[in-house]
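This report refers to the structure that appears directly beneath it.
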Amino acid sequence: MSQPAYLDPSLSIPERVQDLLSRLTLDEKVSLMSHPAAGVPRLGIPGYNYWSEALHGVARNGRATVFPQAIGMAATWDKELIHQVATAISDEGRAKYHAALKRNGYTDQYQGLTFWSPNVNIFRDPRWGRGQETWGEDPFFTGEMATEFVKGLQGDHPKYLKAAACAKHYAVHSGPEKDRHTFNAIVSKHDLYDTYLPAFKKLVMEAKVESVMGAYNRTLDEPCNGSKLLLDDILRGEWGFDGHVVSDCGALSDFHLHHKVTEDEADSAALALQYGCDLGCDHVFNAIPTAIERGDTTEALVDRALMRTLGTRFKLGMFDPDENVPFASIPMDVVACEAHRQLAYRTAAESVVLLKNKDNLLPIKPSTKKIFVTGPTATSMEVLLGNYYGFNNQMITLLEGITGRIPEGMGMEYHPGALVKHQREISQSWAPGMAQVADVSIVCVGSTPHLEGEEGESLLSPLNGDRDSISLPESQVNFIKELAIHGAKIVLVVTGGSPIALGEVAEMVDAILFVWYPGMEGGRAVADVLFGDSAPAGKLPLTFPKSLDQLPPFEDYSMAGRTYRYMTAEPLYPFGFGLSYTTFKYSDIAISTPKTTGFEASVTVQNTGTLAADEVVQFYLSALESRLPAPISQLIGFQRIRLEPGQSQTVKLLVKPEMLMLVDENGKLVFHPGKFRLTAGGCSPSARGVALGAPEPASLEFAVA
């Protein structure tokens, strides 16, 4: 008996999928339409669950390498590193998938190769609990970093996907969490195309991301998973996306239960299919036969959806012999291996952002006699993890990292000192006295995943994952004051996935390190930065406002007054900011002949200090005479470089034609002739950044006719 066409690897994927569809009954087709896709035993097709996570490592699937949370990876500003991280994640994902398949004969939830990552929503408001999952507030930066993540996950094999990445949550989605099932995001065409869509467009058109996840909310009155504008006109029409679209989990039920745009499940299924949602992360697509009986949808639309979702499975090699699929032989010993551990360490070290260093207190000097470690996050495992995390049996807390690094003969004490959110039950503590006799007090504070995260996830969040304040909890502020009053020399080590308005605390302490949720190697990486084995070079991928008073209402999706691109108020810390243990000088900024077809820009950067260190060179462009709505400045390029003391390097950037264009009120990219300013520096153009210690930027003005 000849082999059926769908099992013939020599045929094209469309031919193979079409053959498989021709052998399926309608009920069997429908059973493949939801994220736990049923098996078809008579055709030898095992069950497969599409829901797997890999935000910063293979998640919720046993042992894996736990990398820093996505916002921490963003703070590295290191595209090459992110590609390596994603490659390691997909190696582990492949090994674990094949092991589960061999053990069980099928793969269950979180054991598959369709990873619902990365999250490329714009972190437009620091109150949003899920901002930690993103790459920050800038659409260009998000697209650049997430593209490398997608390429690392999916691999570069000409025939097979190593894993399937997913760009989520499409589109205009960034809180409030408590309203995400009912919210209608109203945005101008300008903000839609200028801010909310560029990262998705880049992932679709350049990174060739295999999947896109629709958001829970409505955008411009349409539910995102049933939106003619988002799915039909833009994603498939303007961008030519040919992968599959999956709903967020429960989002199709929201059509009739919360958005009230449909009557029932069958009606919701028909709407989703009509505009190209191909896979449901819930049970709504089980009502497709009813929708067909009513005449509201057709089996042809079911086949269209399955052409896409089954196409992904064929690209992953799920219907081919293992010997044909190069990734099927990746061994299990790659999971949480030493090389990946060192990669997690490097990523955590590169993510650390130095926000203050009065009198060069850091790094801790060899002559230091005694240190004191304290604070509610010093021993916390949770602050290493963030959300959507994997598990590892060798996690290194901040206290453990410092303990492992402190030189023999240097004294050390530890006391927890305070609780994360609640006041101590006893008023007296030994901590202030211990701080008073130490040369340096390392005070570990900040947010935890209990304070911020997804709907239903954060135990201490008053807003179901979001925050109603971006200040440190009062219990932590009072503890820092207690130490400062006793004359302690304080190094603040701050964990978190979003901006924290430190307020008066910033003035009380001598040094501040922002370390995010730094993953399994976080403690070791932070300790090595504290003691100078690694010089901090992380940069903020988002603006830290001084308070919520500087921001528009959380529910307002207009970009006016938001992010460094449109915010006129002076921030606490600007986008792109981060200090070093050395100093840098920017000079000799130059461009070739400016023209609308593009040109080359360059700047010379010199390490003028005494220590070798990395620097993130950032290029920004400002349109000075535009009559169109234009950002105050916008990032157009960046590169992380390494310089020895006294060493200089000329960094070049190709200024592409689209970088000179602006988005008009209709959402169209147009060129408006006039003057521009090009700025190169170690921070976004900001007097505040320079005042805080960023190097003086180099800039020039030019005209393009």
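We name chains A, B, ... following the order of the structure tokens; residues begin at 1 in each chain, and ligands are numbered from 1 as shown.
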
How would you write, as number ranges by chain, the set of residues in range 460-697 of chain A that DSSP gives as helix (DSSP H, G or I)? A: 474-485, 505-508, 522-530, 548-550, 563-566, 657-660, 687-691

Mind checking which residues fall within 10 Å of Val66 in chain A, counting only C-alpha atoms, ignoring those fewer than 4 positions away in the same chain, and posting them as a count of residues only? 25

Nearest to Ser10 in chain A by atom-to-atom distance, counting only C-alpha atoms, from A:Leu310, A:Asn324, A:Pro432, A:Ala680: A:Asn324

Å distance separating CA of Gly131 in chain A from CA of Pro685 in chain A, one decimal place: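 Spanning CA of Gly131 in chain A to CA of Pro685 in chain A is a straight-line distance of 23.6 Å.
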
So which residues touch range 622-630 of chain A within 10 Å, counting only C-alpha atoms, skipping near sequence neighbours fewer than 6 positions away, as number ranges by chain? A: 190-191, 194, 565-566, 660-665, 670-679, 685, 701-703

Counting only C-alpha atoms, which residues of range 545-596 of chain A sit at most 12 Å from some atom of range 167-178 of chain A, and what is each one's closest atom pair with its distance in Å to one decimal, listed by chain and rising residue number, as JSON lines?
{"residue": "A:Pro553", "atom": "CA", "partner": "A:Pro176", "partner_atom": "CA", "distance": 10.6}
{"residue": "A:Phe554", "atom": "CA", "partner": "A:Pro176", "partner_atom": "CA", "distance": 7.0}
{"residue": "A:Glu555", "atom": "CA", "partner": "A:Pro176", "partner_atom": "CA", "distance": 6.8}
{"residue": "A:Asp556", "atom": "CA", "partner": "A:Gly175", "partner_atom": "CA", "distance": 10.0}
{"residue": "A:Tyr557", "atom": "CA", "partner": "A:Val172", "partner_atom": "CA", "distance": 8.0}
{"residue": "A:Ser558", "atom": "CA", "partner": "A:Val172", "partner_atom": "CA", "distance": 10.4}
{"residue": "A:Met559", "atom": "CA", "partner": "A:Val172", "partner_atom": "CA", "distance": 11.3}

Save out the residues we just selected, C-alpha atoms, as a PDB file, in the first residue's frame.
ATOM      1  CA  PRO A 553      -5.022  58.131  32.978  1.00  0.00           C
ATOM      2  CA  PHE A 554      -4.174  54.421  32.715  1.00  0.00           C
ATOM      3  CA  GLU A 555      -7.191  53.754  30.467  1.00  0.00           C
ATOM      4  CA  ASP A 556      -6.163  56.428  27.939  1.00  0.00           C
ATOM      5  CA  TYR A 557      -4.408  54.786  24.984  1.00  0.00           C
ATOM      6  CA  SER A 558      -3.359  58.064  23.357  1.00  0.00           C
ATOM      7  CA  MET A 559       0.426  58.409  23.320  1.00  0.00           C
TER       8      MET A 559
END

Between CA of Ser458 in chain A and CA of Ile442 in chain A, measure the distance and give it in Å to one decimal. 26.6 Å

Using only C-alpha atoms, which protein or nucleic acid residues come within 9 Å of Cys444 in chain A? Drop anything in the same chain fewer than 3 positions from it, and give the result as a PyMOL selection string. chain A and resi 373-379+398+491-495

Quick one: DSSP strand (DSSP E) residues in range 348-387 of chain A, as a list in words?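 These are the residues in question: Val353, Leu354, Leu355, Lys356, Asn357, Lys370, Ile371, Phe372, Val373 and Thr374 of chain A.
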
Which residue, A:Ser427, A:Arg124, A:Ile500, A:Gln639, has the smallest gap to Ala560 in chain A when you use only C-alpha atoms?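 Selected residue with least distance to Ala560 in chain A: A:Arg124.
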
Find, counting only C-alpha atoms, the residue in A:Asp533, A:Asp179, A:Asp19, A:Asp614 that gets nearest to Asn464 in chain A. A:Asp179

Which polymer residues have any atom within 10 Å of an atom of range 523-525 of chain A, counting only C-alpha atoms, with same-chain residues fewer than 6 positions away left out, as a ChimeraX atom specification? /A:344-352,378-379,381,384,395-405,515,533-534

Can you list, as a PyMOL selection string, every protein, DNA or RNA residue that comes within 6 Å of Glu210 in chain A when you count only C-alpha atoms, leaving out same-chain residues fewer than 2 positions away? chain A and resi 164-165+243

Would you pick out the contacts of Glu265 in chain A at 7 Å or less, using only C-alpha atoms, so that residues sharing its chain but fewer than 6 positions from it are not included, and give the list as a PyMOL selection string? chain A and resi 253+284+287

Limited to C-alpha atoms, could you put the picked residues into a file as an mmCIF file, in the first residue's frame?
data_model
loop_
_atom_site.group_PDB
_atom_site.id
_atom_site.type_symbol
_atom_site.label_atom_id
_atom_site.label_comp_id
_atom_site.auth_asym_id
_atom_site.auth_seq_id
_atom_site.Cartn_x
_atom_site.Cartn_y
_atom_site.Cartn_z
ATOM 1 C CA SER A 253 -15.703 33.535 24.801
ATOM 2 C CA VAL A 284 -15.586 28.038 21.423
ATOM 3 C CA ALA A 287 -19.485 25.135 18.219
#

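Closest to Thr309 in chain A among A:Glu696, A:Asp322, A:Asp282, A:Asp242 is A:Asp242, based on only C-alpha atoms.
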
For Tyr275 in chain A, the nearest of the candidates A:Cys249, A:Ala99, A:Leu643, A:Ala305, counting only C-alpha atoms: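 Closest residue, counting only C-alpha atoms: A:Ala305.
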
Give the answer as one residue: which of A:Val302, A:Ile234, A:Leu153, A:Val690 has the shortest atom-to-atom distance to Tyr193 in chain A, using only C-alpha atoms? A:Ile234

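Put simply, CA of Leu692 in chain A is 17.6 Å away from CA of Thr568 in chain A.
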